[in-house]
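Listing of work_5.cif, mmCIF, C-alpha atoms
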```cif
data_input
#
loop_
_atom_site.label_atom_id
_atom_site.label_comp_id
_atom_site.auth_asym_id
_atom_site.auth_seq_id
_atom_site.Cartn_x
_atom_site.Cartn_y
_atom_site.Cartn_z
CA MET I 1 40.57 18.93 -37.44
CA ASP I 2 43.22 16.49 -36.20
CA LEU I 3 42.59 13.17 -37.96
CA SER I 4 45.39 11.28 -36.19
CA PRO I 5 42.98 9.67 -33.63
CA ILE I 6 40.99 8.19 -36.56
CA TRP I 7 44.11 6.79 -38.26
CA LEU I 8 45.39 5.47 -34.94
CA THR I 9 42.05 3.77 -34.28
CA LEU I 10 41.99 2.18 -37.73
CA LYS I 11 45.61 1.02 -37.30
CA LEU I 12 44.81 -0.45 -33.87
CA ALA I 13 41.69 -2.22 -35.20
CA ALA I 14 43.54 -3.63 -38.23
CA ILE I 15 46.47 -4.96 -36.18
CA THR I 16 44.23 -6.38 -33.44
CA THR I 17 41.90 -8.06 -35.97
CA SER I 18 44.82 -9.58 -37.90
CA LEU I 19 46.46 -10.95 -34.75
CA LEU I 20 43.15 -12.25 -33.44
CA PHE I 21 42.35 -13.93 -36.75
CA ILE I 22 45.66 -15.79 -36.68
CA ALA I 23 45.31 -16.77 -33.00
CA GLY I 24 41.51 -17.02 -32.80
CA LEU I 25 41.05 -19.57 -35.58
CA PRO I 26 43.04 -22.39 -33.93
CA ILE I 27 41.69 -21.44 -30.48
CA ALA I 28 38.10 -21.64 -31.78
CA GLY I 29 38.92 -24.94 -33.49
CA TRP I 30 40.27 -26.33 -30.23
CA LEU I 31 37.28 -25.06 -28.22
CA SER I 32 34.79 -26.54 -30.69
CA LYS I 33 35.97 -30.10 -29.99
CA GLY I 34 35.22 -32.04 -26.81
CA ARG I 35 33.82 -30.81 -23.53
CA SER I 36 36.57 -31.07 -20.90
CA PHE I 37 36.40 -28.99 -17.71
CA PHE I 38 39.70 -27.33 -18.63
CA LYS I 39 38.19 -26.13 -21.93
CA THR I 40 35.16 -24.76 -20.09
CA ILE I 41 37.45 -22.73 -17.81
CA VAL I 42 39.50 -21.42 -20.77
CA GLU I 43 36.31 -20.48 -22.64
CA ALA I 44 34.96 -18.69 -19.57
CA ILE I 45 38.18 -16.66 -19.27
CA ILE I 46 38.05 -15.74 -22.99
CA THR I 47 34.39 -14.73 -22.62
CA MET I 48 34.89 -12.60 -19.47
CA PRO I 49 35.54 -9.32 -21.35
CA LEU I 50 31.99 -9.57 -22.76
CA VAL I 51 30.47 -9.15 -19.30
CA LEU I 52 33.23 -7.51 -17.28
CA PRO I 53 33.32 -3.67 -17.06
CA PRO I 54 36.17 -2.61 -19.43
CA SER I 55 37.69 -0.49 -16.65
CA VAL I 56 38.15 -3.63 -14.52
CA LEU I 57 40.10 -5.38 -17.28
CA GLY I 58 42.05 -2.17 -17.92
CA PHE I 59 42.84 -1.84 -14.22
CA TYR I 60 44.27 -5.34 -13.96
CA LEU I 61 46.25 -4.93 -17.19
CA LEU I 62 47.61 -1.66 -15.81
CA LEU I 63 48.68 -3.44 -12.63
CA ALA I 64 50.16 -6.41 -14.50
CA PHE I 65 52.19 -4.35 -16.96
CA SER I 66 53.13 -1.44 -14.76
CA PRO I 67 56.95 -1.09 -14.90
CA GLN I 68 57.03 -0.93 -11.10
CA HIS I 69 55.54 -4.41 -10.59
CA GLY I 70 56.06 -8.10 -11.45
CA LEU I 71 55.56 -8.85 -15.14
CA GLY I 72 55.85 -5.24 -16.28
CA LYS I 73 59.06 -4.80 -14.31
CA TRP I 74 60.49 -8.00 -15.77
CA LEU I 75 59.58 -6.95 -19.35
CA GLN I 76 61.15 -3.56 -18.77
CA GLY I 77 64.33 -5.07 -17.29
CA THR I 78 64.73 -7.99 -19.72
CA PHE I 79 63.48 -6.66 -23.04
CA ASP I 80 63.48 -2.93 -22.35
CA THR I 81 59.85 -2.82 -23.40
CA GLN I 82 56.87 -1.13 -21.78
CA PHE I 83 53.20 -1.84 -22.43
CA VAL I 84 51.66 0.83 -20.23
CA PHE I 85 50.93 4.15 -22.00
CA SER I 86 52.16 2.80 -25.34
CA PHE I 87 50.58 1.65 -28.60
CA LYS I 88 51.80 -1.91 -27.86
CA GLY I 89 49.75 -1.82 -24.68
CA LEU I 90 46.66 -0.80 -26.64
CA VAL I 91 47.18 -3.74 -29.01
CA LEU I 92 47.59 -6.15 -26.08
CA ALA I 93 44.51 -4.81 -24.28
CA SER I 94 42.43 -4.88 -27.49
CA PHE I 95 43.62 -8.42 -28.24
CA ILE I 96 42.31 -9.66 -24.89
CA TYR I 97 39.22 -7.46 -24.88
CA SER I 98 38.05 -8.39 -28.40
CA MET I 99 38.99 -12.08 -28.39
CA PRO I 100 35.45 -13.39 -27.67
CA PHE I 101 34.18 -11.52 -30.73
CA MET I 102 36.59 -13.52 -32.91
CA THR I 103 36.40 -16.95 -31.26
CA GLY I 104 32.65 -17.00 -30.49
CA PRO I 105 31.19 -16.94 -34.03
CA ILE I 106 33.92 -19.25 -35.39
CA LYS I 107 33.46 -21.81 -32.63
CA SER I 108 29.66 -21.86 -33.06
CA ALA I 109 29.97 -22.26 -36.83
CA LEU I 110 32.45 -25.14 -36.52
CA GLN I 111 30.16 -26.93 -34.06
CA GLN I 112 27.27 -26.68 -36.49
CA LEU I 113 29.09 -28.48 -39.30
CA PRO I 114 28.13 -32.19 -39.55
CA VAL I 115 30.73 -34.38 -37.83
CA SER I 116 30.64 -36.66 -40.88
CA LEU I 117 32.56 -34.02 -42.91
CA THR I 118 35.53 -34.40 -40.59
CA GLN I 119 35.13 -38.18 -40.52
CA ALA I 120 34.99 -38.39 -44.32
CA SER I 121 38.20 -36.39 -44.59
CA TYR I 122 39.95 -38.61 -42.03
CA THR I 123 39.00 -41.78 -43.93
CA LEU I 124 40.65 -40.23 -47.01
CA GLY I 125 43.89 -40.16 -44.99
CA LYS I 126 43.86 -36.43 -44.25
CA THR I 127 45.31 -35.06 -41.03
CA GLN I 128 43.45 -32.83 -38.55
CA TRP I 129 45.22 -29.75 -39.94
CA GLN I 130 44.47 -30.66 -43.61
CA THR I 131 40.83 -31.25 -42.67
CA PHE I 132 40.60 -27.98 -40.76
CA LYS I 133 42.21 -25.99 -43.59
CA SER I 134 40.55 -27.63 -46.61
CA VAL I 135 37.15 -28.78 -45.33
CA LEU I 136 36.09 -26.99 -42.14
CA VAL I 137 37.32 -23.40 -42.58
CA PRO I 138 36.08 -22.97 -46.20
CA ASN I 139 32.60 -24.02 -45.07
CA ILE I 140 32.26 -21.35 -42.38
CA LYS I 141 33.09 -18.30 -44.51
CA PRO I 142 30.03 -16.22 -43.48
CA SER I 143 30.87 -16.73 -39.80
CA LEU I 144 34.52 -15.86 -40.44
CA LEU I 145 33.44 -12.59 -42.03
CA THR I 146 31.08 -11.88 -39.12
CA ALA I 147 33.88 -12.57 -36.63
CA ILE I 148 36.36 -10.33 -38.47
CA VAL I 149 33.94 -7.43 -38.80
CA LEU I 150 32.66 -7.70 -35.22
CA THR I 151 36.23 -7.75 -33.90
CA PHE I 152 37.23 -4.77 -36.03
CA ALA I 153 34.13 -2.77 -35.15
CA HIS I 154 34.42 -3.62 -31.45
CA THR I 155 38.04 -2.49 -31.38
CA LEU I 156 37.01 0.80 -33.03
CA GLY I 157 34.61 1.41 -30.18
CA GLU I 158 36.86 0.53 -27.22
CA PHE I 159 37.08 3.17 -24.56
CA GLY I 160 37.49 2.11 -20.92
CA VAL I 161 40.19 -0.48 -21.36
CA VAL I 162 42.33 1.61 -23.73
CA LEU I 163 41.99 4.69 -21.52
CA MET I 164 43.16 2.71 -18.48
CA ILE I 165 46.24 1.17 -20.09
CA GLY I 166 47.02 3.77 -22.75
CA GLY I 167 45.89 7.07 -21.33
CA ASN I 168 45.45 10.00 -23.73
CA ILE I 169 48.77 10.67 -25.48
CA PRO I 170 48.22 12.40 -28.85
CA GLY I 171 49.55 10.33 -31.76
CA VAL I 172 50.42 7.37 -29.49
CA THR I 173 47.36 6.23 -27.52
CA ARG I 174 44.72 8.87 -28.23
CA VAL I 175 42.24 6.80 -30.23
CA ALA I 176 38.99 8.19 -31.67
CA SER I 177 36.72 7.19 -28.77
CA ILE I 178 39.04 8.97 -26.34
CA ALA I 179 39.24 11.97 -28.68
CA VAL I 180 35.42 12.22 -28.55
CA TYR I 181 35.48 12.19 -24.74
CA ASP I 182 38.36 14.64 -24.62
CA SER I 183 36.62 17.03 -27.06
CA VAL I 184 33.44 17.00 -24.96
CA GLU I 185 35.50 17.71 -21.82
CA ARG I 186 36.97 20.73 -23.62
CA MET I 187 33.43 21.75 -24.73
CA ASP I 188 34.57 21.37 -28.36
CA TYR I 189 31.33 19.80 -29.56
CA ALA I 190 32.15 20.33 -33.25
CA ALA I 191 35.25 18.09 -33.01
CA ALA I 192 33.37 15.54 -30.87
CA ASN I 193 30.62 15.46 -33.48
CA ALA I 194 33.10 15.04 -36.34
CA TYR I 195 34.90 12.11 -34.66
CA SER I 196 31.58 10.52 -33.70
CA LEU I 197 30.16 10.83 -37.21
CA ILE I 198 33.25 9.25 -38.77
CA LEU I 199 33.15 6.33 -36.29
CA PHE I 200 29.40 5.91 -36.82
CA GLY I 201 29.84 5.94 -40.62
CA ILE I 202 32.66 3.37 -40.65
CA THR I 203 30.93 0.91 -38.33
CA PHE I 204 27.55 1.30 -40.05
CA VAL I 205 29.02 0.52 -43.49
CA MET I 206 30.86 -2.51 -42.06
CA VAL I 207 27.84 -3.96 -40.31
CA ILE I 208 25.61 -3.38 -43.36
CA SER I 209 28.20 -5.13 -45.58
CA VAL I 210 28.14 -8.23 -43.36
CA PHE I 211 24.36 -8.36 -43.34
CA VAL I 212 24.21 -8.01 -47.13
CA PHE I 213 26.89 -10.67 -47.70
CA ASN I 214 25.41 -13.15 -45.22
CA LYS I 215 21.90 -12.59 -46.58
CA TYR I 216 22.96 -14.12 -49.89
CA GLN I 217 24.78 -16.98 -48.17
CA ALA I 218 22.01 -18.06 -45.79
CA LYS I 219 18.47 -19.11 -46.61
CA SER I 220 15.60 -18.98 -44.15
CA PRO I 221 13.70 -22.26 -43.62
CA LEU I 222 10.50 -20.21 -44.00
CA GLU I 223 11.31 -19.19 -47.59
CA MET Y 1 40.89 -61.62 -44.19
CA ILE Y 2 39.20 -59.42 -41.59
CA ASP Y 3 38.85 -60.95 -38.15
CA LEU Y 4 36.51 -58.92 -36.00
CA SER Y 5 35.28 -59.24 -32.45
CA ILE Y 6 33.82 -56.15 -30.79
CA GLU Y 7 31.57 -55.07 -27.95
CA LYS Y 8 30.08 -51.58 -27.77
CA LYS Y 9 27.35 -50.10 -25.58
CA LEU Y 10 24.77 -48.28 -27.66
CA LYS Y 11 22.68 -45.42 -26.32
CA VAL Y 12 19.08 -46.13 -27.23
CA TYR Y 13 15.75 -44.61 -26.23
CA GLN Y 14 14.95 -45.64 -22.65
CA GLY Y 15 18.09 -47.54 -21.73
CA LYS Y 16 21.14 -49.12 -23.26
CA GLN Y 17 21.85 -52.10 -25.47
CA VAL Y 18 25.07 -53.83 -26.35
CA LEU Y 19 26.36 -54.34 -29.88
CA LYS Y 20 28.30 -57.60 -29.74
CA ILE Y 21 29.68 -59.07 -32.95
CA SER Y 22 32.26 -61.69 -33.85
CA HIS Y 23 32.72 -62.35 -37.53
CA GLN Y 24 35.29 -63.18 -40.19
CA PHE Y 25 35.17 -61.59 -43.62
CA ASP Y 26 36.99 -63.38 -46.42
CA PRO Y 27 39.33 -61.31 -48.56
CA GLY Y 28 37.52 -59.93 -51.61
CA SER Y 29 34.11 -60.83 -50.21
CA ILE Y 30 31.06 -58.58 -50.42
CA THR Y 31 28.92 -58.81 -47.28
CA LYS Y 32 25.44 -57.45 -46.79
CA VAL Y 33 24.97 -56.09 -43.26
CA TYR Y 34 21.32 -55.90 -42.26
CA GLY Y 35 19.10 -55.70 -39.22
CA PRO Y 36 16.49 -53.48 -37.57
CA SER Y 37 16.91 -49.72 -37.20
CA GLY Y 38 19.07 -48.78 -34.24
CA ALA Y 39 20.71 -52.22 -34.04
CA GLY Y 40 24.16 -50.69 -34.59
CA LYS Y 41 24.89 -51.27 -38.29
CA THR Y 42 26.34 -47.78 -38.84
CA THR Y 43 28.22 -48.00 -35.55
CA LEU Y 44 29.79 -51.29 -36.68
CA LEU Y 45 31.09 -49.67 -39.89
CA LYS Y 46 32.43 -46.68 -37.92
CA ILE Y 47 34.18 -48.96 -35.43
CA ILE Y 48 35.91 -50.78 -38.30
CA ALA Y 49 36.88 -47.42 -39.84
CA GLY Y 50 38.32 -46.16 -36.54
CA LEU Y 51 35.77 -43.36 -36.22
CA VAL Y 52 34.13 -44.86 -33.10
CA SER Y 53 35.88 -46.78 -30.34
CA PRO Y 54 34.29 -49.85 -28.74
CA GLU Y 55 34.67 -50.71 -25.05
CA LYS Y 56 36.14 -54.09 -25.93
CA GLY Y 57 37.33 -55.62 -29.14
CA LYS Y 58 39.91 -56.72 -31.63
CA ILE Y 59 40.09 -56.10 -35.36
CA VAL Y 60 42.80 -57.75 -37.44
CA VAL Y 61 43.00 -56.96 -41.15
CA ASP Y 62 45.37 -59.02 -43.31
CA ASN Y 63 47.44 -59.96 -40.23
CA LYS Y 64 47.72 -56.32 -39.15
CA THR Y 65 46.08 -55.34 -35.86
CA TRP Y 66 43.91 -52.25 -36.26
CA LEU Y 67 42.30 -52.49 -32.86
CA ASP Y 68 43.10 -54.40 -29.72
CA THR Y 69 41.59 -52.83 -26.61
CA GLY Y 70 43.47 -55.31 -24.39
CA ASN Y 71 46.83 -54.06 -25.66
CA LYS Y 72 45.64 -50.47 -26.16
CA ILE Y 73 46.11 -50.56 -29.93
CA ASN Y 74 43.70 -48.37 -31.88
CA LEU Y 75 44.85 -47.16 -35.29
CA PRO Y 76 43.37 -43.83 -36.38
CA PRO Y 77 41.18 -43.71 -39.53
CA GLN Y 78 44.06 -42.08 -41.41
CA LYS Y 79 46.09 -45.28 -41.01
CA ARG Y 80 43.19 -47.62 -41.79
CA MET Y 81 41.96 -45.63 -44.82
CA PRO Y 82 38.80 -47.54 -45.66
CA GLY Y 83 36.64 -46.33 -48.54
CA PHE Y 84 33.69 -45.07 -46.51
CA VAL Y 85 30.33 -44.11 -48.02
CA PHE Y 86 28.37 -42.18 -45.40
CA GLN Y 87 24.61 -42.44 -45.07
CA ASP Y 88 24.31 -38.63 -45.26
CA TYR Y 89 26.94 -38.63 -48.07
CA ALA Y 90 29.18 -36.21 -46.07
CA LEU Y 91 30.05 -34.28 -49.22
CA PHE Y 92 32.11 -31.13 -48.79
CA PRO Y 93 29.88 -28.12 -49.67
CA ASN Y 94 32.88 -25.99 -50.71
CA MET Y 95 34.19 -28.50 -53.26
CA THR Y 96 33.13 -29.29 -56.81
CA VAL Y 97 32.74 -32.87 -58.05
CA ARG Y 98 36.30 -32.76 -59.41
CA ASP Y 99 37.65 -31.19 -56.18
CA HIS Y 100 36.21 -34.08 -54.16
CA LEU Y 101 38.15 -36.63 -56.15
CA GLN Y 102 41.31 -34.52 -56.38
CA TYR Y 103 41.21 -34.09 -52.59
CA ALA Y 104 41.31 -37.89 -52.30
CA THR Y 105 43.79 -38.80 -55.06
CA THR Y 106 46.25 -37.31 -57.53
CA ASP Y 107 45.76 -40.15 -60.04
CA VAL Y 108 44.23 -38.26 -62.98
CA ASP Y 109 43.38 -41.35 -65.04
CA TRP Y 110 41.65 -42.99 -62.08
CA ILE Y 111 39.61 -39.81 -61.49
CA LYS Y 112 38.54 -39.80 -65.16
CA ARG Y 113 37.51 -43.42 -64.95
CA LEU Y 114 35.52 -42.90 -61.77
CA LEU Y 115 33.73 -39.86 -63.17
CA PHE Y 116 32.74 -41.91 -66.22
CA LEU Y 117 31.64 -44.81 -64.02
CA GLY Y 118 29.43 -42.57 -61.87
CA LYS Y 119 28.13 -40.67 -64.92
CA LEU Y 120 29.33 -37.42 -63.40
CA ASP Y 121 31.84 -36.57 -66.13
CA THR Y 122 29.65 -33.73 -67.42
CA LEU Y 123 29.12 -32.27 -63.94
CA THR Y 124 32.72 -31.91 -62.76
CA ASP Y 125 32.42 -28.21 -61.91
CA HIS Y 126 29.20 -28.58 -59.94
CA LYS Y 127 29.12 -28.27 -56.16
CA PRO Y 128 26.98 -30.73 -54.15
CA ILE Y 129 24.17 -28.19 -53.69
CA HIS Y 130 23.66 -28.21 -57.47
CA LEU Y 131 23.50 -32.01 -57.76
CA SER Y 132 20.42 -34.21 -57.39
CA GLY Y 133 20.19 -36.68 -54.50
CA GLY Y 134 21.20 -39.57 -56.77
CA GLN Y 135 24.17 -37.65 -58.18
CA GLN Y 136 25.31 -36.72 -54.66
CA GLN Y 137 25.15 -40.36 -53.62
CA ARG Y 138 27.16 -41.43 -56.64
CA LEU Y 139 29.78 -38.79 -55.85
CA ALA Y 140 30.02 -40.13 -52.28
CA ILE Y 141 30.69 -43.61 -53.69
CA LEU Y 142 33.28 -42.32 -56.19
CA ARG Y 143 35.11 -40.34 -53.49
CA ALA Y 144 35.32 -43.47 -51.33
CA LEU Y 145 36.77 -45.45 -54.25
CA ALA Y 146 39.20 -42.67 -55.23
CA ILE Y 147 41.75 -43.81 -52.63
CA LYS Y 148 41.72 -47.36 -54.10
CA PRO Y 149 40.79 -48.88 -50.74
CA LYS Y 150 41.34 -52.50 -49.79
CA LEU Y 151 38.30 -52.27 -47.53
CA VAL Y 152 35.07 -50.56 -48.57
CA LEU Y 153 32.41 -49.68 -45.99
CA MET Y 154 29.11 -48.50 -47.47
CA ASP Y 155 26.20 -47.22 -45.40
CA GLU Y 156 22.96 -47.38 -47.41
CA PRO Y 157 24.85 -46.46 -50.61
CA PHE Y 158 22.06 -46.98 -53.14
CA SER Y 159 19.03 -45.53 -51.32
CA ALA Y 160 18.68 -42.46 -53.56
CA LEU Y 161 19.27 -44.17 -56.92
CA ASP Y 162 16.58 -45.17 -59.40
CA SER Y 163 16.42 -48.86 -60.25
CA ASP Y 164 18.07 -48.60 -63.69
CA MET Y 165 20.95 -46.53 -62.37
CA LYS Y 166 21.29 -48.89 -59.40
CA THR Y 167 21.50 -52.01 -61.59
CA GLU Y 168 24.06 -50.42 -63.90
CA LEU Y 169 26.17 -49.01 -61.06
CA ILE Y 170 26.14 -52.25 -59.09
CA ALA Y 171 27.42 -54.15 -62.14
CA ASP Y 172 30.24 -51.63 -62.58
CA LEU Y 173 31.07 -51.59 -58.87
CA LYS Y 174 31.39 -55.37 -58.85
CA LEU Y 175 34.13 -55.12 -61.46
CA ILE Y 176 35.89 -52.30 -59.62
CA PHE Y 177 35.79 -54.17 -56.30
CA LYS Y 178 37.31 -57.20 -58.02
CA GLU Y 179 39.99 -55.09 -59.66
CA LEU Y 180 40.92 -53.46 -56.33
CA GLY Y 181 40.74 -56.79 -54.53
CA ALA Y 182 38.60 -55.01 -51.97
CA THR Y 183 36.63 -56.55 -49.14
CA VAL Y 184 33.27 -54.83 -48.97
CA LEU Y 185 30.63 -54.39 -46.25
CA ILE Y 186 27.33 -52.86 -47.34
CA VAL Y 187 24.61 -51.83 -44.93
CA SER Y 188 21.21 -52.09 -46.59
CA HIS Y 189 17.57 -52.04 -45.57
CA ASN Y 190 16.41 -53.53 -48.84
CA PRO Y 191 17.09 -57.30 -48.97
CA GLN Y 192 16.61 -57.48 -52.76
CA GLU Y 193 18.87 -54.53 -53.46
CA LEU Y 194 22.13 -56.45 -53.20
CA GLU Y 195 21.09 -59.61 -55.01
CA GLY Y 196 23.83 -60.56 -57.43
CA LEU Y 197 26.35 -58.35 -55.64
CA ALA Y 198 26.72 -59.64 -52.08
CA ASP Y 199 28.15 -63.11 -51.51
CA GLY Y 200 27.70 -63.15 -47.75
CA GLU Y 201 25.56 -61.59 -45.08
CA LEU Y 202 25.76 -60.47 -41.48
CA TYR Y 203 22.60 -60.00 -39.46
CA ILE Y 204 22.72 -57.63 -36.50
CA PRO Y 205 19.75 -58.31 -34.20
#
```
Just give me the structure of the file as structure tokens.
Amino acid sequence: MDLSPIWLTLKLAAITTSLLFIAGLPIAGWLSKGRSFFKTIVEAIITMPLVLPPSVLGFYLLLAFSPQHGLGKWLQGTFDTQFVFSFKGLVLASFIYSMPFMTGPIKSALQQLPVSLTQASYTLGKTQWQTFKSVLVPNIKPSLLTAIVLTFAHTLGEFGVVLMIGGNIPGVTRVASIAVYDSVERMDYAAANAYSLILFGITFVMVISVFVFNKYQAKSPLE
Amino acid sequence: MIDLSIEKKLKVYQGKQVLKISHQFDPGSITKVYGPSGAGKTTLLKIIAGLVSPEKGKIVVDNKTWLDTGNKINLPPQKRMPGFVFQDYALFPNMTVRDHLQYATTDVDWIKRLLFLGKLDTLTDHKPIHLSGGQQQRLAILRALAIKPKLVLMDEPFSALDSDMKTELIADLKLIFKELGATVLIVSHNPQELEGLADGELYIP
């Protein structure tokens, strides 16, 4: 059995989750403060992939980064780089598609912290960044873990968006979910079953780990 | 000397009321701030600290303007750095007793002295969740004093302390305030609580 789709999927999920963690943390911090109309619009755009059919997002990304048009043509001409039908394209699509899974839990957790924690830190002379790093982030660890695991697991399961922008190139863009579909198309049910079982096993272990970890962190008011 | 004149609309149940205060606090004085619930005592402390902005007002501390709405001056809390004791303590759940003080200051001797003063020197590795209500409140006071503030703002700072601990702590605090040369405002619901400590009072109707 060809395991390259599994390795490619894990690589894609790891890179996407790392990039989203770095970018998602400050974005969630920014979204958690204030209620301006501009922030509402930005949050709505970030949340769109949750409700939009993945093929729609994939279609627009395909149009945007196609080497024959606008942005894609410019990238090709200026940097000699192409996002369509490449691993870079999968990372970009996954970054956009999975962003709400990273920012959502972090933003909610930050909003639930008492405002007096931030205020206390400010009166000690600490800057916004020092407060965010030393007081706010360490107190939302369970939500950070949830966000990381959800993002990773969601990227493992992407299909429509990666198929649209990446296609099905073995070793380059053929991730596990596409390999399952491809195997079924070829009536190779044994391979489809093997890929599916591996994906199921990985995601199940991850989700169980989060539940177990967060169970010890949180306490029900009914206990 | 703190010269204060502020006006702030307060949101209250069924309507609005205006917090309007003009007052001068002598340097090194300890003032009891009292009044009915919802009158704006906590808001007053937060306005002085720079955590809440009033619609109109001016605050001058030792000839330095902290707030002047007319001239659009409003120093952030980081530049005012008052020692603030929050009503809900606002302790950091991720930090131990020692971490709280080390987050505020690098002065090791001062930290040792504060821990001894607050009788928390045997609990330095405990996080707030493992402290009693009284111990948490003492830690909130120590953290506020850790930055050696010239202005101390305390919101119901003794409410969770037993009477013996309160008497002892108040006596020690009086010495510390004198040593720091700090001007102190203490919000309290209990008129007897600050006898022997406060030398002035401000009633907020």
Please report as JSON lines every residue of chain I lying within 9 Å of chain Y, along with the nearest atom pair and their distance in Å (one decimal), using all atoms listed in the file.
```
{"residue": "I:Pro114", "atom": "CA", "partner": "Y:Ala90", "partner_atom": "CA", "distance": 7.7}
{"residue": "I:Val115", "atom": "CA", "partner": "Y:Ala90", "partner_atom": "CA", "distance": 8.6}
{"residue": "I:Ser116", "atom": "CA", "partner": "Y:Ala90", "partner_atom": "CA", "distance": 5.4}
{"residue": "I:Leu117", "atom": "CA", "partner": "Y:Ala90", "partner_atom": "CA", "distance": 5.1}
{"residue": "I:Thr118", "atom": "CA", "partner": "Y:Ala90", "partner_atom": "CA", "distance": 8.6}
{"residue": "I:Gln119", "atom": "CA", "partner": "Y:Leu51", "partner_atom": "CA", "distance": 6.8}
{"residue": "I:Ala120", "atom": "CA", "partner": "Y:Ala90", "partner_atom": "CA", "distance": 6.4}
{"residue": "I:Ser121", "atom": "CA", "partner": "Y:Ala104", "partner_atom": "CA", "distance": 8.4}
{"residue": "I:Tyr122", "atom": "CA", "partner": "Y:Gln78", "partner_atom": "CA", "distance": 5.4}
{"residue": "I:Thr123", "atom": "CA", "partner": "Y:Met81", "partner_atom": "CA", "distance": 4.9}
{"residue": "I:Leu124", "atom": "CA", "partner": "Y:Ala104", "partner_atom": "CA", "distance": 5.8}
{"residue": "I:Gly125", "atom": "CA", "partner": "Y:Gln78", "partner_atom": "CA", "distance": 4.1}
{"residue": "I:Lys126", "atom": "CA", "partner": "Y:Gln78", "partner_atom": "CA", "distance": 6.3}
{"residue": "I:Thr127", "atom": "CA", "partner": "Y:Gln78", "partner_atom": "CA", "distance": 7.1}
{"residue": "I:Ser134", "atom": "CA", "partner": "Y:Tyr103", "partner_atom": "CA", "distance": 8.8}
{"residue": "I:Val135", "atom": "CA", "partner": "Y:Phe92", "partner_atom": "CA", "distance": 6.5}
{"residue": "I:Leu136", "atom": "CA", "partner": "Y:Phe92", "partner_atom": "CA", "distance": 8.8}
{"residue": "I:Pro138", "atom": "CA", "partner": "Y:Asn94", "partner_atom": "CA", "distance": 6.3}
{"residue": "I:Asn139", "atom": "CA", "partner": "Y:Asn94", "partner_atom": "CA", "distance": 6.0}
```
Excluding Gln24 of chain Y and any residue of its chain fewer than 5 positions from it, enumerate the residues within 8 Å of it, using all atoms listed in the file, and give them as a CSV table (one decimal) with C-alpha atoms, in the coordinates of the input.
```
chain,number,residue,atom,x,y,z
Y,1,MET,CA,40.9,-61.6,-44.2
Y,2,ILE,CA,39.2,-59.4,-41.6
Y,3,ASP,CA,38.8,-61.0,-38.2
Y,4,LEU,CA,36.5,-58.9,-36.0
```
Residues in the PyMOL selection byres ((chain Y and resi 164-179) around 10), expressed as a VMD selection string: chain Y and resid 28 to 30 114 117 to 119 134 138 141 to 142 145 148 to 152 157 to 163 180 to 184 193 to 198
Nearest-residue call for Lys58 of chain Y, choices Y:Ala39, Y:Leu120, Y:Ile73, Y:Ile111, using all atoms listed in the file: Y:Ile73
Applied to the shown file, which residues does the PyMOL selection byres ((chain I and resi 15-19) around 9) return, written as a VMD selection string? chain I and resid 10 to 14 20 to 24 91 to 92 94 to 95 98 102 148 to 149 151 to 152 155
Kindly save the residues from that selection, with C-alpha atoms included, as a short mmCIF file (atom, residue, chain, number, x, y, z; two decimals), in the coordinates of the input.
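Result written to result28.cif:
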```
data_model
loop_
_atom_site.label_atom_id
_atom_site.label_comp_id
_atom_site.auth_asym_id
_atom_site.auth_seq_id
_atom_site.Cartn_x
_atom_site.Cartn_y
_atom_site.Cartn_z
CA LEU I 10 41.99 2.18 -37.73
CA LYS I 11 45.61 1.02 -37.30
CA LEU I 12 44.81 -0.45 -33.87
CA ALA I 13 41.69 -2.22 -35.20
CA ALA I 14 43.54 -3.63 -38.23
CA LEU I 20 43.15 -12.25 -33.44
CA PHE I 21 42.35 -13.93 -36.75
CA ILE I 22 45.66 -15.79 -36.68
CA ALA I 23 45.31 -16.77 -33.00
CA GLY I 24 41.51 -17.02 -32.80
CA VAL I 91 47.18 -3.74 -29.01
CA LEU I 92 47.59 -6.15 -26.08
CA SER I 94 42.43 -4.88 -27.49
CA PHE I 95 43.62 -8.42 -28.24
CA SER I 98 38.05 -8.39 -28.40
CA MET I 102 36.59 -13.52 -32.91
CA ILE I 148 36.36 -10.33 -38.47
CA VAL I 149 33.94 -7.43 -38.80
CA THR I 151 36.23 -7.75 -33.90
CA PHE I 152 37.23 -4.77 -36.03
CA THR I 155 38.04 -2.49 -31.38
#
```
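For the file shown, the residue list from the PyMOL selection byres ((chain I and resi 97) around 8) reads Pro49, Leu50, Pro54, Leu57, Ala93, Ser94, Phe95, Ile96, Ser98, Met99, Pro100 and Val161 of chain I.
Considering all atoms listed in the file, the residue among I:Asn214, I:Thr173, I:Gln68, I:Thr40 positioned nearest to Lys141 of chain I is I:Asn214.
Note that atom CA of Asp125 of chain Y and atom CA of Leu153 of chain Y are 26.7 Å apart.
The residue that comes closest to His130 of chain Y, out of Y:Thr96, Y:Val187, Y:Val52, Y:Asn74 and on the basis of only C-alpha atoms, is Y:Thr96.
Taking atom CA of Leu71 of chain I as the reference point, atom CA of Phe101 of chain I is found at 26.6 Å.
If you look at atom CA of Ser196 of chain I and atom CA of Ser177 of chain I, they are 7.9 Å away from each other.
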Find the spatial neighbours of Gly89 of chain I, counting all atoms listed in the file, within a cut-off of 8 Å - ignore same-chain residues fewer than 6 positions away - and output them as a compact mmCIF listing (two decimals) with C-alpha atoms, in the coordinates of the input.
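Final output, out.txt:
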```
# COMPACT_ATOMS: atom_id res chain seq x y z
CA GLN I 82 56.87 -1.13 -21.78
CA PHE I 83 53.20 -1.84 -22.43
CA ILE I 165 46.24 1.17 -20.09
CA GLY I 166 47.02 3.77 -22.75
```
